[in-house]
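*Asks:* One structure, pasted below without further comment.
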Amino acid sequence: MPIKELIPEVKKILAEENTLILHAPPGAGKSTLLPLTLVDESWLVGKKIIMLEPRRLAAKSIAGRMAELLGEALGHTVGYRIRFETKVSEHTIIEVVTEGILTRMMQSDNSLESVGLVIFDEFHERSIHADVAMALCRESQNILRPDLRILVMSATLDIPNLTEILQAKVVESKGRQFPITTHYAGEQDFMLLPEMMANTITNATKSHEGDVLAFLPGEGEIKK
């Protein structure tokens, strides 16, 4: 994963400073691989990593992927907390949570004494919960917990503006690019989108090797 090249630099900065911005494209490994590499850092000993995800499905799937990479059951080293559902244990070091969960955690413990690092993933998907959580974490840093680390991650951010606001360094991954060939299927009737997609996929698997990733507008079209 492209993020592997940046891990030494990320570790070095977080060992010296309490805030970092990471700019990396989708698929770089920032959400799954990077948090796992920070678990054994000296500044995190005895404390947890809280990673915020804007959506519940993403929180569960990312936590599951990290647990899979460790070869462990979900809820051991890696767990998650979402609305009406929790999968953590006394052994959990990385908790993937939705944004409202962290806000409630900070209302009961505004210093986050058990937390060493808060990761704001997909921060470009701005929401009131993410902004409030960020404001509370920064306040905790400034008043109660200068040792609390904040890592802001995104694929598409206004980096200069955010850098000025947070007064933080930026680490950027260029990612990887691969050649793309476009094939046009010709005139189609978009009133029959599911049928059209099914035919296109069938023809593609007959004429090309490899896997297929198909994009449709919603759950209804996917199921049909």
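Scheme for the structure tokens: letters A, B, ... for chains in order shown; per-chain residue numbers from 1; ligand numbers from 1 in order shown.
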Using DSSP on the backbone coordinates, identify all residues within stretch 50-176 of chain A classified as strand (DSSP E or B); present the result as JSON, numbers by chain.
*Replies:* {"A": [50, 51, 52, 53, 78, 79, 80, 81, 82, 85, 86, 87, 94, 95, 96, 97, 98, 115, 116, 117, 118, 119, 120, 149, 150, 151, 152, 153, 154, 169, 170, 171, 172]}
*Asks:* List every residue of stretch 107-128 of chain A that has an atom at most 10 Å from any atom of stretch 4-26 of chain A, and for each one report the closest atom pair and its distance in Å to one decimal, counting only C-alpha atoms, with rows sorted by chain and then by increasing residue number, as a Markdown table.
*Replies:*
```
| residue | atom | partner | partner_atom | distance |
| --- | --- | --- | --- | --- |
| A:Gly116 | CA | A:Asn18 | CA | 9.9 |
| A:Leu117 | CA | A:Asn18 | CA | 8.8 |
| A:Val118 | CA | A:Thr19 | CA | 9.7 |
| A:Ile119 | CA | A:Leu20 | CA | 9.7 |
| A:Phe120 | CA | A:Ile21 | CA | 9.5 |
| A:Asp121 | CA | A:Leu22 | CA | 9.5 |
| A:Glu122 | CA | A:Pro26 | CA | 9.7 |
```
*Asks:* So, with only C-alpha atoms as the atoms that count, which of A:Val96, A:Val88, A:Val115, A:Ala204 lies closest to A:Pro35?
*Replies:*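 Nearest candidate to A:Pro35 out of A:Val96, A:Val88, A:Val115, A:Ala204: A:Val96.
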*Asks:* Which value, in Å to one decimal, gives the distance between atom CA of A:Lys174 and atom CA of A:Met1?
*Replies:*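 It comes out at 11.5 Å.
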*Asks:* What's the 12 Å shell around A:Thr86, counting only C-alpha atoms, without same-chain residues fewer than 5 positions away, as a PyMOL selection string?
*Replies:* chain A and resi 56+59-60+63+74-75+78-81+92+95-98+101
